[in-house]
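Data from start_24.txt: compact mmCIF, C-alpha atoms
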```
# COMPACT_ATOMS: atom_id res chain seq x y z
CA MET A 6 -4.99 -167.45 -87.35
CA ARG A 7 -3.87 -166.55 -83.82
CA ASN A 8 -5.86 -168.10 -81.00
CA ASP A 9 -5.49 -164.89 -78.97
CA LEU A 10 -8.59 -162.75 -78.67
CA ILE A 11 -8.42 -159.27 -77.23
CA ILE A 12 -11.07 -156.73 -76.26
CA GLY A 13 -10.73 -153.05 -77.12
CA LEU A 14 -12.62 -150.79 -74.71
CA ASP A 15 -13.17 -147.19 -75.85
CA ILE A 16 -14.43 -145.17 -72.90
CA GLY A 17 -15.89 -141.87 -74.05
CA SER A 18 -17.99 -139.02 -72.70
CA SER A 19 -21.20 -140.34 -74.27
CA SER A 20 -20.69 -144.11 -74.37
CA VAL A 21 -18.47 -147.10 -73.79
CA ARG A 22 -17.82 -148.93 -77.05
CA ALA A 23 -16.26 -152.39 -76.88
CA VAL A 24 -15.10 -154.83 -79.56
CA ALA A 25 -13.52 -158.27 -79.32
CA GLY A 26 -11.17 -159.20 -82.14
CA ARG A 27 -8.56 -161.64 -83.35
CA GLN A 28 -6.00 -161.67 -86.13
CA LEU A 29 -6.53 -163.81 -89.22
CA GLU A 30 -3.73 -165.57 -91.08
CA ASN A 31 -3.59 -162.76 -93.65
CA GLY A 32 -3.01 -160.23 -90.86
CA GLN A 33 -6.52 -158.77 -91.12
CA LEU A 34 -8.47 -158.12 -87.93
CA GLU A 35 -11.72 -159.99 -87.46
CA ILE A 36 -14.18 -158.52 -84.97
CA VAL A 37 -16.29 -161.27 -83.37
CA ALA A 38 -18.36 -159.32 -80.84
CA THR A 39 -19.37 -155.77 -79.94
CA GLY A 40 -20.95 -154.08 -76.96
CA SER A 41 -21.89 -150.57 -75.89
CA SER A 42 -23.38 -148.68 -72.97
CA SER A 43 -24.18 -145.02 -72.28
CA THR A 44 -21.88 -142.89 -70.10
CA SER A 45 -23.72 -139.63 -70.73
CA GLY A 46 -23.48 -137.49 -67.61
CA TYR A 47 -20.92 -139.82 -65.98
CA ILE A 48 -17.85 -138.66 -67.92
CA LEU A 49 -17.27 -135.01 -68.84
CA HIS A 50 -14.52 -134.00 -71.28
CA GLY A 51 -12.92 -137.42 -70.91
CA GLU A 52 -12.81 -137.30 -67.10
CA ILE A 53 -14.92 -139.43 -64.77
CA VAL A 54 -17.39 -137.56 -62.57
CA ASN A 55 -19.47 -140.53 -61.40
CA VAL A 56 -17.33 -143.56 -60.59
CA ASN A 57 -20.13 -146.01 -59.76
CA LYS A 58 -22.21 -145.35 -62.85
CA THR A 59 -19.18 -145.29 -65.14
CA SER A 60 -18.02 -148.61 -63.73
CA ALA A 61 -21.50 -150.05 -64.24
CA ALA A 62 -21.57 -148.85 -67.86
CA ILE A 63 -18.16 -150.43 -68.54
CA ALA A 64 -19.28 -153.67 -66.88
CA ASP A 65 -22.42 -153.69 -69.04
CA ALA A 66 -20.39 -153.35 -72.27
CA ILE A 67 -17.99 -156.05 -71.09
CA ASN A 68 -20.90 -158.35 -70.25
CA GLN A 69 -22.34 -157.92 -73.75
CA ILE A 70 -18.99 -159.02 -75.12
CA ALA A 71 -18.77 -161.93 -72.67
CA GLN A 72 -22.11 -163.35 -73.81
CA ALA A 73 -20.77 -163.71 -77.35
CA LEU A 74 -17.32 -165.11 -76.57
CA PRO A 75 -16.46 -168.79 -76.74
CA GLY A 76 -15.15 -170.61 -73.68
CA LYS A 77 -17.00 -169.02 -70.78
CA SER A 78 -14.31 -170.14 -68.30
CA LYS A 79 -11.39 -168.85 -70.37
CA GLU A 80 -9.62 -165.70 -69.26
CA TYR A 81 -9.68 -162.74 -71.65
CA TYR A 82 -8.10 -159.30 -71.43
CA PHE A 83 -9.13 -155.85 -72.52
CA SER A 84 -7.04 -152.80 -73.33
CA SER A 85 -8.58 -149.39 -72.89
CA ASN A 86 -7.99 -145.75 -73.76
CA LEU A 87 -7.28 -142.68 -71.69
CA SER A 88 -8.01 -139.12 -72.73
CA GLY A 89 -8.69 -135.70 -71.25
CA SER A 90 -7.06 -132.28 -71.24
CA HIS A 91 -4.95 -133.29 -68.22
CA ILE A 92 -2.81 -135.42 -70.57
CA LYS A 93 0.29 -133.62 -71.78
CA VAL A 94 2.50 -134.53 -74.75
CA LEU A 95 5.95 -132.97 -74.65
CA PRO A 96 9.33 -133.55 -76.34
CA TYR A 97 12.25 -134.66 -74.20
CA THR A 98 15.92 -135.24 -75.05
CA ASN A 99 18.33 -137.42 -73.11
CA SER A 100 22.02 -137.84 -73.97
CA LYS A 101 25.03 -139.55 -72.47
CA THR A 102 28.67 -140.27 -73.19
CA ARG A 103 29.42 -143.90 -74.04
CA LYS A 104 32.11 -145.81 -72.17
CA ASN A 105 33.52 -147.35 -75.34
CA ALA A 106 33.03 -145.33 -78.51
CA ALA A 107 34.18 -148.26 -80.70
CA GLU A 108 31.61 -150.68 -79.32
CA PRO A 109 28.43 -150.95 -81.43
CA VAL A 110 25.23 -149.63 -79.85
CA SER A 111 23.19 -152.51 -78.42
CA ARG A 112 19.53 -152.93 -77.64
CA LYS A 113 20.43 -152.59 -73.96
CA ASP A 114 21.93 -149.16 -74.66
CA ILE A 115 18.62 -148.07 -76.20
CA LEU A 116 16.56 -149.45 -73.34
CA ASP A 117 18.90 -147.84 -70.79
CA ILE A 118 18.67 -144.36 -72.30
CA THR A 119 14.89 -144.75 -72.62
CA GLU A 120 14.55 -145.81 -68.97
CA GLU A 121 16.75 -142.92 -67.92
CA ALA A 122 14.50 -140.52 -69.83
CA LYS A 123 11.43 -141.96 -68.11
CA LYS A 124 12.98 -141.56 -64.67
CA ASN A 125 14.01 -137.99 -65.36
CA VAL A 126 10.50 -137.08 -66.53
CA ALA A 127 8.93 -138.97 -63.60
CA GLU A 128 10.76 -136.71 -61.15
CA LYS A 129 8.42 -133.91 -62.22
CA ASN A 130 5.40 -136.03 -63.18
CA PRO A 131 4.92 -139.41 -61.46
CA CYS A 132 2.49 -140.70 -64.10
CA VAL A 133 4.30 -141.37 -67.38
CA LEU A 134 1.97 -143.15 -69.80
CA HIS A 135 4.26 -143.52 -72.79
CA THR A 136 7.81 -142.58 -73.76
CA LEU A 137 7.80 -142.66 -77.55
CA PRO A 138 11.18 -142.65 -79.29
CA ILE A 139 11.24 -140.23 -82.19
CA GLY A 140 14.91 -140.67 -83.02
CA PHE A 141 18.40 -141.55 -81.79
CA LYS A 142 21.64 -139.86 -82.68
CA VAL A 143 24.95 -141.68 -82.22
CA GLY A 144 28.02 -139.44 -82.35
CA ASN A 145 27.90 -137.24 -85.44
CA LEU A 146 25.71 -139.66 -87.41
CA PRO A 147 22.27 -138.60 -88.67
CA GLU A 148 19.23 -139.20 -86.45
CA THR A 149 17.65 -142.63 -86.90
CA LEU A 150 15.11 -144.96 -85.35
CA GLU A 151 17.51 -147.88 -85.90
CA PRO A 152 20.72 -147.01 -84.03
CA ILE A 153 21.65 -150.57 -83.01
CA GLY A 154 25.05 -151.43 -84.49
CA GLN A 155 26.20 -147.82 -84.93
CA VAL A 156 29.37 -146.55 -83.24
CA GLY A 157 30.13 -143.21 -81.67
CA ALA A 158 31.29 -141.45 -78.51
CA THR A 159 27.81 -140.23 -77.51
CA ILE A 160 24.24 -141.35 -77.81
CA GLN A 161 21.21 -139.08 -77.73
CA GLY A 162 17.60 -140.15 -77.51
CA ASN A 163 14.78 -137.85 -78.59
CA PHE A 164 11.40 -138.77 -77.16
CA MET A 165 7.79 -137.69 -77.11
CA VAL A 166 6.67 -138.15 -73.52
CA ILE A 167 2.98 -138.56 -72.68
CA THR A 168 1.99 -137.91 -69.07
CA ALA A 169 -1.24 -137.76 -67.09
CA GLN A 170 -2.29 -136.31 -63.76
CA LEU A 171 -1.73 -139.10 -61.26
CA GLU A 172 -4.98 -138.65 -59.34
CA LYS A 173 -7.06 -138.79 -62.52
CA PHE A 174 -5.12 -141.78 -63.80
CA ASP A 175 -5.66 -143.58 -60.49
CA LEU A 176 -9.38 -142.80 -60.52
CA PHE A 177 -9.68 -144.14 -64.06
CA SER A 178 -7.71 -147.26 -63.16
CA ARG A 179 -9.84 -147.99 -60.10
CA THR A 180 -12.99 -147.56 -62.15
CA LEU A 181 -11.75 -150.06 -64.73
CA LYS A 182 -10.65 -152.48 -62.03
CA SER A 183 -14.08 -152.49 -60.41
CA ALA A 184 -15.70 -153.22 -63.80
CA GLU A 185 -13.68 -156.38 -64.44
CA SER A 186 -15.54 -159.67 -64.53
CA GLU A 187 -14.42 -163.10 -63.35
CA HIS A 188 -13.04 -164.04 -66.76
CA ILE A 189 -12.38 -160.64 -68.39
CA LYS A 190 -9.51 -158.66 -66.90
CA GLY A 191 -7.89 -155.35 -67.66
CA GLY A 192 -4.51 -154.81 -69.26
CA ASN A 193 -2.91 -151.54 -70.37
CA LEU A 194 -4.18 -148.03 -70.85
CA TYR A 195 -3.28 -146.18 -74.05
CA PHE A 196 -3.41 -142.53 -74.95
CA SER A 197 -6.38 -142.57 -77.32
CA PRO A 198 -4.69 -141.22 -80.49
CA LEU A 199 -2.12 -144.04 -80.40
CA ALA A 200 -4.98 -146.50 -80.71
CA SER A 201 -7.13 -144.68 -83.27
CA SER A 202 -4.11 -143.94 -85.48
CA SER A 203 -3.37 -147.66 -85.78
CA SER A 204 -6.81 -148.38 -87.23
CA VAL A 205 -7.35 -145.48 -89.65
CA LEU A 206 -3.88 -144.29 -90.72
CA ASN A 207 -1.53 -146.19 -92.99
CA ALA A 208 2.26 -146.19 -92.98
CA ASP A 209 2.53 -143.94 -96.05
CA GLU A 210 0.39 -141.25 -94.42
CA LYS A 211 2.49 -141.31 -91.25
CA GLN A 212 5.65 -141.11 -93.34
CA GLN A 213 4.48 -138.27 -95.60
CA GLY A 214 2.84 -136.26 -92.81
CA VAL A 215 -0.74 -136.49 -91.60
CA VAL A 216 -3.06 -134.95 -89.01
CA LEU A 217 -5.49 -137.20 -87.15
CA VAL A 218 -8.51 -135.44 -85.64
CA ASP A 219 -10.63 -137.67 -83.37
CA ILE A 220 -13.89 -135.85 -82.61
CA GLY A 221 -15.73 -137.26 -79.61
CA SER A 222 -18.72 -135.99 -77.70
CA GLY A 223 -16.66 -134.35 -74.94
CA THR A 224 -13.15 -134.01 -76.34
CA THR A 225 -11.26 -133.71 -79.61
CA GLU A 226 -7.79 -135.16 -79.95
CA ILE A 227 -5.39 -133.75 -82.52
CA SER A 228 -2.23 -135.67 -83.35
CA ILE A 229 0.35 -134.94 -86.05
CA TYR A 230 2.67 -137.54 -87.57
CA GLN A 231 5.70 -136.97 -89.80
CA ASN A 232 8.41 -139.44 -90.83
CA LYS A 233 6.44 -142.17 -89.02
CA ARG A 234 6.87 -140.33 -85.73
CA LEU A 235 4.34 -138.64 -83.45
CA LYS A 236 5.36 -135.00 -83.68
CA HIS A 237 2.61 -133.27 -81.72
CA ALA A 238 -0.62 -134.09 -79.90
CA THR A 239 -3.16 -132.28 -77.79
CA VAL A 240 -6.59 -132.89 -76.25
CA LEU A 241 -9.24 -130.17 -76.47
CA ASN A 242 -12.29 -129.78 -74.23
CA TRP A 243 -14.24 -129.48 -77.47
CA GLY A 244 -16.66 -132.10 -78.72
CA GLY A 245 -20.04 -132.80 -80.25
CA ASP A 246 -21.75 -131.86 -76.99
CA ARG A 247 -20.78 -128.25 -77.67
CA ILE A 248 -22.72 -128.34 -80.92
CA THR A 249 -25.70 -129.86 -79.13
CA GLU A 250 -25.61 -127.02 -76.59
CA ASP A 251 -25.43 -124.42 -79.38
CA LEU A 252 -28.50 -125.94 -81.00
CA ARG A 253 -30.34 -126.04 -77.69
CA ILE A 254 -29.76 -122.35 -77.08
CA GLY A 255 -30.00 -121.12 -80.67
CA LEU A 256 -33.20 -123.00 -81.51
CA ASP A 257 -34.75 -122.86 -78.02
CA VAL A 258 -35.27 -126.62 -77.77
CA THR A 259 -34.49 -129.27 -75.17
CA THR A 260 -31.10 -130.97 -75.05
CA GLU A 261 -32.71 -134.23 -76.21
CA HIS A 262 -34.29 -132.54 -79.23
CA ALA A 263 -31.05 -130.67 -80.00
CA GLU A 264 -29.12 -133.95 -80.04
CA ALA A 265 -31.75 -135.55 -82.29
CA LEU A 266 -31.64 -132.60 -84.70
CA LYS A 267 -27.86 -132.85 -84.87
CA THR A 268 -27.69 -136.58 -85.50
CA ARG A 269 -30.70 -136.93 -87.82
CA PHE A 270 -30.69 -133.68 -89.79
CA GLY A 271 -27.28 -132.11 -89.19
CA THR A 272 -24.71 -131.34 -91.89
CA ALA A 273 -21.47 -129.38 -91.93
CA ILE A 274 -22.36 -127.22 -94.94
CA HIS A 275 -25.61 -125.25 -94.82
CA ARG A 276 -25.71 -124.22 -98.49
CA LEU A 277 -26.69 -127.78 -99.41
CA ILE A 278 -29.94 -127.49 -97.43
CA ASP A 279 -33.17 -126.15 -98.95
CA LEU A 280 -34.36 -122.96 -97.30
CA ASN A 281 -37.89 -124.32 -96.95
CA GLU A 282 -36.97 -127.64 -95.31
CA VAL A 283 -38.60 -127.78 -91.88
CA VAL A 284 -38.86 -130.39 -89.13
CA LEU A 285 -41.50 -130.36 -86.40
CA ILE A 286 -40.40 -130.72 -82.78
CA PRO A 287 -43.08 -132.23 -80.48
CA GLY A 288 -44.54 -129.78 -77.98
CA ILE A 289 -44.51 -130.27 -74.21
CA ALA A 290 -47.53 -131.88 -72.52
CA GLY A 291 -49.71 -131.89 -75.62
CA ARG A 292 -48.82 -128.42 -76.84
CA LYS A 293 -48.47 -127.72 -80.55
CA PRO A 294 -45.26 -128.90 -82.25
CA SER A 295 -42.68 -126.24 -83.08
CA PRO A 296 -41.29 -125.88 -86.62
CA ILE A 297 -37.49 -125.84 -86.88
CA SER A 298 -35.62 -124.78 -90.01
CA VAL A 299 -33.18 -127.50 -91.02
CA LYS A 300 -31.08 -124.83 -92.69
CA ASN A 301 -30.75 -123.01 -89.36
CA VAL A 302 -29.59 -126.29 -87.81
CA ALA A 303 -26.91 -126.56 -90.48
CA ILE A 304 -25.83 -122.92 -90.08
CA ILE A 305 -25.24 -123.38 -86.35
CA ILE A 306 -23.32 -126.62 -86.88
CA GLU A 307 -21.22 -125.19 -89.70
CA GLU A 308 -20.06 -122.23 -87.63
CA ARG A 309 -18.91 -124.51 -84.80
CA MET A 310 -17.16 -126.89 -87.18
CA LYS A 311 -15.37 -123.97 -88.83
CA GLU A 312 -14.12 -123.04 -85.39
CA LEU A 313 -12.76 -126.56 -84.85
CA ALA A 314 -11.10 -126.61 -88.28
CA ALA A 315 -9.42 -123.29 -87.47
CA ILE A 316 -8.14 -124.71 -84.16
CA VAL A 317 -6.71 -127.72 -86.01
CA MET A 318 -4.97 -125.38 -88.44
CA ALA A 319 -3.49 -123.42 -85.53
CA GLU A 320 -2.12 -126.65 -84.00
CA ILE A 321 -0.55 -127.58 -87.33
CA GLN A 322 1.17 -124.19 -87.59
CA LYS A 323 2.76 -124.69 -84.17
CA VAL A 324 4.92 -127.55 -85.43
CA THR A 325 5.07 -127.68 -89.23
CA GLN A 326 3.91 -126.22 -92.52
CA ALA A 327 0.60 -127.36 -93.96
CA GLN A 328 2.09 -128.10 -97.38
CA LEU A 329 4.42 -130.65 -95.79
CA LEU A 330 1.48 -132.79 -94.66
CA ARG A 331 1.03 -134.77 -97.85
CA GLY A 332 -1.15 -137.29 -96.05
CA GLY A 333 -3.66 -134.54 -95.33
CA ILE A 334 -6.18 -134.59 -92.49
CA VAL A 335 -8.00 -137.73 -91.37
CA LEU A 336 -11.14 -137.39 -89.27
CA CYS A 337 -12.48 -140.10 -86.98
CA GLY A 338 -14.62 -140.52 -83.88
CA GLY A 339 -18.38 -140.11 -83.61
CA GLY A 340 -18.19 -136.49 -84.74
CA ALA A 341 -16.74 -137.57 -88.09
CA GLN A 342 -20.10 -139.12 -88.95
CA LEU A 343 -21.44 -135.62 -89.67
CA PRO A 344 -22.29 -135.35 -93.37
CA ASP A 345 -19.98 -133.13 -95.47
CA ILE A 346 -17.49 -132.67 -92.62
CA ALA A 347 -14.49 -133.58 -94.79
CA GLU A 348 -15.49 -131.00 -97.39
CA LEU A 349 -15.76 -128.29 -94.72
CA PHE A 350 -12.32 -129.10 -93.28
CA ASN A 351 -10.84 -129.09 -96.77
CA LYS A 352 -12.40 -125.68 -97.44
CA VAL A 353 -11.28 -124.05 -94.16
CA THR A 354 -7.76 -125.50 -93.93
CA GLY A 355 -6.91 -125.93 -97.60
CA ILE A 356 -5.66 -129.43 -96.73
CA GLU A 357 -7.09 -132.55 -98.36
CA THR A 358 -9.31 -134.30 -95.82
CA ARG A 359 -10.91 -137.70 -95.59
CA VAL A 360 -12.99 -139.59 -93.01
CA GLY A 361 -11.08 -142.52 -91.54
CA GLU A 362 -12.80 -145.91 -91.47
CA PRO A 363 -11.23 -148.69 -89.37
CA GLU A 364 -9.64 -151.60 -91.21
CA ALA A 365 -11.37 -154.68 -89.84
CA THR A 366 -13.81 -157.33 -91.00
CA ALA A 367 -16.90 -158.49 -89.16
CA ALA A 368 -17.30 -162.15 -88.26
CA LEU A 369 -20.18 -164.01 -89.87
CA GLY A 370 -23.42 -163.05 -88.15
CA LEU A 371 -22.10 -159.86 -86.54
CA GLY A 372 -24.59 -157.13 -87.35
CA ALA A 373 -22.45 -154.09 -86.46
CA ASN A 374 -21.25 -151.78 -89.23
CA LEU A 375 -17.53 -151.58 -88.50
CA LYS A 376 -16.81 -149.15 -91.35
CA ASP A 377 -17.73 -146.37 -88.96
CA PRO A 378 -15.27 -143.70 -87.73
CA ALA A 379 -16.79 -144.07 -84.24
CA TYR A 380 -15.09 -147.50 -84.01
CA ALA A 381 -11.61 -146.07 -84.67
CA THR A 382 -10.40 -146.21 -81.07
CA SER A 383 -11.96 -149.50 -79.96
CA ILE A 384 -10.74 -151.36 -83.05
CA GLY A 385 -7.43 -149.51 -82.81
CA LEU A 386 -6.92 -150.86 -79.29
CA VAL A 387 -7.20 -154.38 -80.71
CA GLN A 388 -4.92 -153.53 -83.64
CA VAL A 389 -2.21 -152.09 -81.36
CA TYR A 390 -2.20 -155.30 -79.33
CA PHE A 391 -1.60 -157.52 -82.36
CA ASP A 392 0.91 -155.10 -83.90
CA GLN A 393 3.00 -155.30 -80.76
CA LEU A 394 2.44 -159.01 -80.25
CA ASN A 395 3.78 -159.59 -83.76
CA ALA A 396 6.70 -157.25 -83.16
CA SER A 397 7.55 -158.99 -79.89
CA SER A 398 7.34 -162.43 -81.46
CA GLU A 399 9.64 -161.41 -84.29
CA GLU A 400 12.04 -159.83 -81.84
CA ASP A 401 12.19 -163.04 -79.79
CA LYS A 402 13.06 -165.03 -82.92
CA GLU A 403 15.81 -162.68 -84.08
CA GLU A 404 19.43 -163.65 -83.66
CA VAL A 405 21.43 -160.46 -83.22
CA PRO A 406 24.68 -161.36 -81.37
CA ASP A 407 26.78 -158.64 -79.82
CA ILE A 408 29.77 -157.99 -82.08
CA PRO A 409 33.09 -158.16 -80.18
CA VAL A 410 35.33 -155.14 -80.56
CA THR A 411 38.59 -157.11 -80.78
CA GLY A 412 37.49 -159.89 -83.14
CA GLY A 413 36.92 -163.53 -82.31
CA LYS A 414 34.04 -165.86 -82.98
CA THR A 415 30.72 -165.36 -81.26
CA THR A 416 28.15 -167.98 -80.46
CA PRO A 417 24.64 -166.52 -80.51
CA ASP A 418 22.15 -167.57 -77.89
CA LYS A 419 19.64 -170.17 -78.96
CA PRO A 420 16.69 -168.25 -80.50
CA LYS A 421 13.40 -168.20 -78.66
CA THR A 422 10.63 -169.58 -80.79
CA ALA A 423 7.67 -169.65 -78.41
CA PRO A 424 5.64 -166.42 -78.58
CA PRO A 425 5.00 -164.72 -75.24
CA SER A 426 1.71 -165.34 -73.46
CA ILE A 427 -1.02 -162.73 -73.36
CA ARG A 428 -0.14 -161.87 -69.76
CA ASP A 429 3.53 -161.50 -70.73
CA ILE A 430 2.57 -159.29 -73.65
CA PHE A 431 0.58 -157.00 -71.37
CA GLY A 432 3.72 -156.66 -69.32
CA ARG A 433 5.59 -155.64 -72.48
CA LEU A 434 2.88 -153.71 -74.32
CA VAL A 435 3.97 -150.50 -75.95
CA ASP A 436 7.41 -152.11 -76.43
CA SER A 437 7.50 -151.52 -80.16
CA LEU A 438 6.40 -147.93 -79.63
CA VAL A 439 8.09 -146.91 -76.40
CA GLY A 440 10.77 -149.43 -75.50
CA SER A 441 10.57 -151.42 -72.28
CA ASP A 442 7.49 -150.48 -70.29
CA GLY A 443 9.32 -150.36 -66.96
CA ASN A 444 7.22 -148.45 -64.44
CA ASP A 445 5.16 -146.48 -66.93
CA GLY A 446 1.76 -145.39 -65.76
CA GLY A 447 0.16 -147.15 -68.69
CA SER A 448 -0.39 -150.46 -66.90
CA TYR A 449 -2.84 -150.84 -64.07
CA GLY A 450 -3.60 -154.58 -64.02
CA ASP A 451 -2.20 -157.03 -61.48
CA ASN A 452 0.55 -158.93 -63.25
CA ASN A 453 1.31 -161.33 -60.42
```
With the file now loaded, output its structure as structure tokens.
Amino acid sequence: MRNDLIIGLDIGSSSVRAVAGRQLENGQLEIVATGSSSTSGYILHGEIVNVNKTSAAIADAINQIAQALPGKSKEYYFSSNLSGSHIKVLPYTNSKTRKNAAEPVSRKDILDITEEAKKNVAEKNPCVLHTLPIGFKVGNLPETLEPIGQVGATIQGNFMVITAQLEKFDLFSRTLKSAESEHIKGGNLYFSPLASSSSVLNADEKQQGVVLVDIGSGTTEISIYQNKRLKHATVLNWGGDRITEDLRIGLDVTTEHAEALKTRFGTAIHRLIDLNEVVLIPGIAGRKPSPISVKNVAIIIEERMKELAAIVMAEIQKVTQAQLLRGGIVLCGGGAQLPDIAELFNKVTGIETRVGEPEATAALGLGANLKDPAYATSIGLVQVYFDQLNASSEEDKEEVPDIPVTGGKTTPDKPKTAPPSIRDIFGRLVDSLVGSDGNDGGSYGDNN
């Protein structure tokens, strides 16, 4: 079991959800502590509107974690997510002619072309979160994710670049920085779908084609994977709060009662509800309670969820054919808790749909139910850390000498066996996904 312990901090429009986890010897994640705090009214559609209260909510969730962690004087780190419609995901291609066509492609060649792509994108957008390689093409050879060792006159890198508006990224970073405690510090920011995908999608689904739909209270993130690559992603200003508002208006109730009706009695398919099922809403200041048809609640919810399913289908059609997505649709986030939501998506899109539950175990005595789609991002942030820590450790141990063009015996450098420290890893996070982190906008912590 690794001694490292990392905190995943999912900052959403209704709450901050935090988990602290470590990796067991069998590779399974073990969650040892959880914390949460409300951000309702402080974050709208993934964007901070009240810095002080958001920072206080984050600090509260972190403090709940801190109370349960061993070694009060030990320094821990958290990784957090970033979302919002200001985030853009766009393809980018960079190519160059190689100086020596007979020399095998090296890791440095890959890092160089990746860094060049980042710089070119940064000329138009100064905040590059991630530069995800989706394939490399050397000479006339087929595209691959493993070009090292190939030979050819040219090299082309195809990337999926994820950018954010700089002012909103800076505001988010400052808010996180002010929420840090003496012994719990911030690390990297991740585009939310990269985290949630690591906890609820498996390698086969990403290979065969899958759509991940993360339904939050203020936003919904749609990401499409094929051949283990991120092919498309977008963030919608569409979330569970929109359903709550529909219920408030349609049933003439308060926002608080509309939210309670949604979470306690809501379902995605109204035909399953008895026509005579009624719930009483308390009246104001002693007035008589008002009867509300549970079927009407379901009808309103179903219509909105049909709309979302249709939007997802439209996003799929922008980039691929539905029949090519053999991994189907996977739903996560708090909105995926809605009963019968998978059945509705299956019906509207014609694509097999399931609700994604994070793969993690709870430590003895931890009362939280982790098999909950609402934990997808927070647990995913922990999973991404260990995935990349493992990848970095393996990379450091590898002996891959440069092969001389004209023959001769090579003497490989002595392999590095010591795994990098947590602080080093945060300087290299996203390496297995995006190459060297360079000056990406994804890191905000002080690495001095």
Counting all atoms listed in the file, what is within 10 Å of Leu369 in chain A, bar same-chain residues fewer than 4 positions away, as a compact mmCIF listing (two decimals) with C-alpha atoms, in the coordinates of the input?
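Once written, part_17.txt looks like this:
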```
# COMPACT_ATOMS: atom_id res chain seq x y z
CA GLU A 35 -11.72 -159.99 -87.46
CA ILE A 36 -14.18 -158.52 -84.97
CA VAL A 37 -16.29 -161.27 -83.37
```
Skip Thr366 in chain A itself and residues of its chain fewer than 3 positions away, then list as a PyMOL selection string all residues within 12 Å of it, counting only C-alpha atoms. chain A and resi 24-29+31-38+204+362-363+369-377+384
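The gap separating CA of Ile334 in chain A from CA of Thr354 in chain A is 9.3 Å, in Å to one decimal.
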Compile the contact shell of Thr268 in chain A as number ranges by chain: residues with an atom at most 12 Å away, counting all atoms listed in the file, same-chain residues fewer than 4 positions apart removed. A: 222, 245-246, 248-249, 252, 261-264, 272-273, 299, 302-303, 306, 339-344
Between CA of Asn145 in chain A and CA of Leu330 in chain A, what is the distance, to one decimal in Å?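 Computing it gives 28.3 Å between the two atoms.
Residues within 10 Å of Lys173 in chain A, counting only C-alpha atoms and excluding same-chain residues fewer than 5 positions away, are Glu52, Ile53, Leu87, Gly89, His91, Ile92, Cys132, Ser178 and Arg179 of chain A.
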List the neighbours of Gln328 in chain A out to 12 Å using all atoms listed in the file; skip same-chain residues closer than 5 positions along the sequence, and give me the result as a count of residues only. 13
What is the CA of Arg331 in chain A to CA of Val389 in chain A distance in Å? 24.1 Å
For each of A:Gln161, A:Asn86, A:Thr180, A:Thr239, take the minimum atom-to-atom distance to Asp117 in chain A, counting only C-alpha atoms, then give the residue where this is smallest.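 Counting only C-alpha atoms, the residue closest to Asp117 in chain A is A:Gln161.
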Kindly provide, as a ChimeraX atom specification, the polymer residues lying within 8 Å of (-4.3, -143.5, -74.2), counting only C-alpha atoms and using the coordinates exactly as they appear in the file. /A:85-88,134,194-200,447
With 4 Å added on each side, what axis-aligned box encloses every listed atom of range 295-306 of chain A? Give the centre and edge lengths in Å to one decimal, as JSON.
```
{"center_x": -33.0, "center_y": -125.2, "center_z": -87.9, "size_x": 27.4, "size_y": 12.6, "size_z": 17.6}
```
Minimum-distance residue to Ser60 in chain A, chosen among A:Phe350, A:Tyr82, A:Phe141, A:Tyr47 (using all atoms listed in the file):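 Of the candidates, the smallest distance to Ser60 in chain A is held by A:Tyr47.
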Ranking A:Ile160, A:Ala71, A:Ala208, A:Val143 by minimum distance to Asn99 in chain A and counting only C-alpha atoms, which one comes first?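 Residue with the minimum atom-to-atom distance to Asn99 in chain A: A:Ile160.
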Selected residue of minimal separation from Leu313 in chain A among A:Pro287, A:Pro109, A:Gly244, A:Pro138, counting all atoms listed in the file: A:Gly244
Go ahead and find all residues with at least one atom no further than 10 Å from (-8.6, -132.2, -75.6) in the file's coordinates, using all atoms listed in the file; report them as a VMD selection string. chain A and resid 50 to 51 88 to 93 219 to 221 223 to 227 238 to 244
For the selection you just gave me, I'd like the residues written to a file as a CSV table (one decimal), in the frame of the given file, keeping C-alpha atoms.
```csv
chain,number,residue,atom,x,y,z
A,50,HIS,CA,-14.5,-134.0,-71.3
A,51,GLY,CA,-12.9,-137.4,-70.9
A,88,SER,CA,-8.0,-139.1,-72.7
A,89,GLY,CA,-8.7,-135.7,-71.2
A,90,SER,CA,-7.1,-132.3,-71.2
A,91,HIS,CA,-5.0,-133.3,-68.2
A,92,ILE,CA,-2.8,-135.4,-70.6
A,93,LYS,CA,0.3,-133.6,-71.8
A,219,ASP,CA,-10.6,-137.7,-83.4
A,220,ILE,CA,-13.9,-135.8,-82.6
A,221,GLY,CA,-15.7,-137.3,-79.6
A,223,GLY,CA,-16.7,-134.4,-74.9
A,224,THR,CA,-13.2,-134.0,-76.3
A,225,THR,CA,-11.3,-133.7,-79.6
A,226,GLU,CA,-7.8,-135.2,-80.0
A,227,ILE,CA,-5.4,-133.8,-82.5
A,238,ALA,CA,-0.6,-134.1,-79.9
A,239,THR,CA,-3.2,-132.3,-77.8
A,240,VAL,CA,-6.6,-132.9,-76.2
A,241,LEU,CA,-9.2,-130.2,-76.5
A,242,ASN,CA,-12.3,-129.8,-74.2
A,243,TRP,CA,-14.2,-129.5,-77.5
A,244,GLY,CA,-16.7,-132.1,-78.7
```
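Of the listed residues A:Thr119, A:Thr59, A:Thr325, A:Ser186, the one whose atoms come nearest to Tyr230 in chain A is A:Thr325, with distances taken using all atoms listed in the file.
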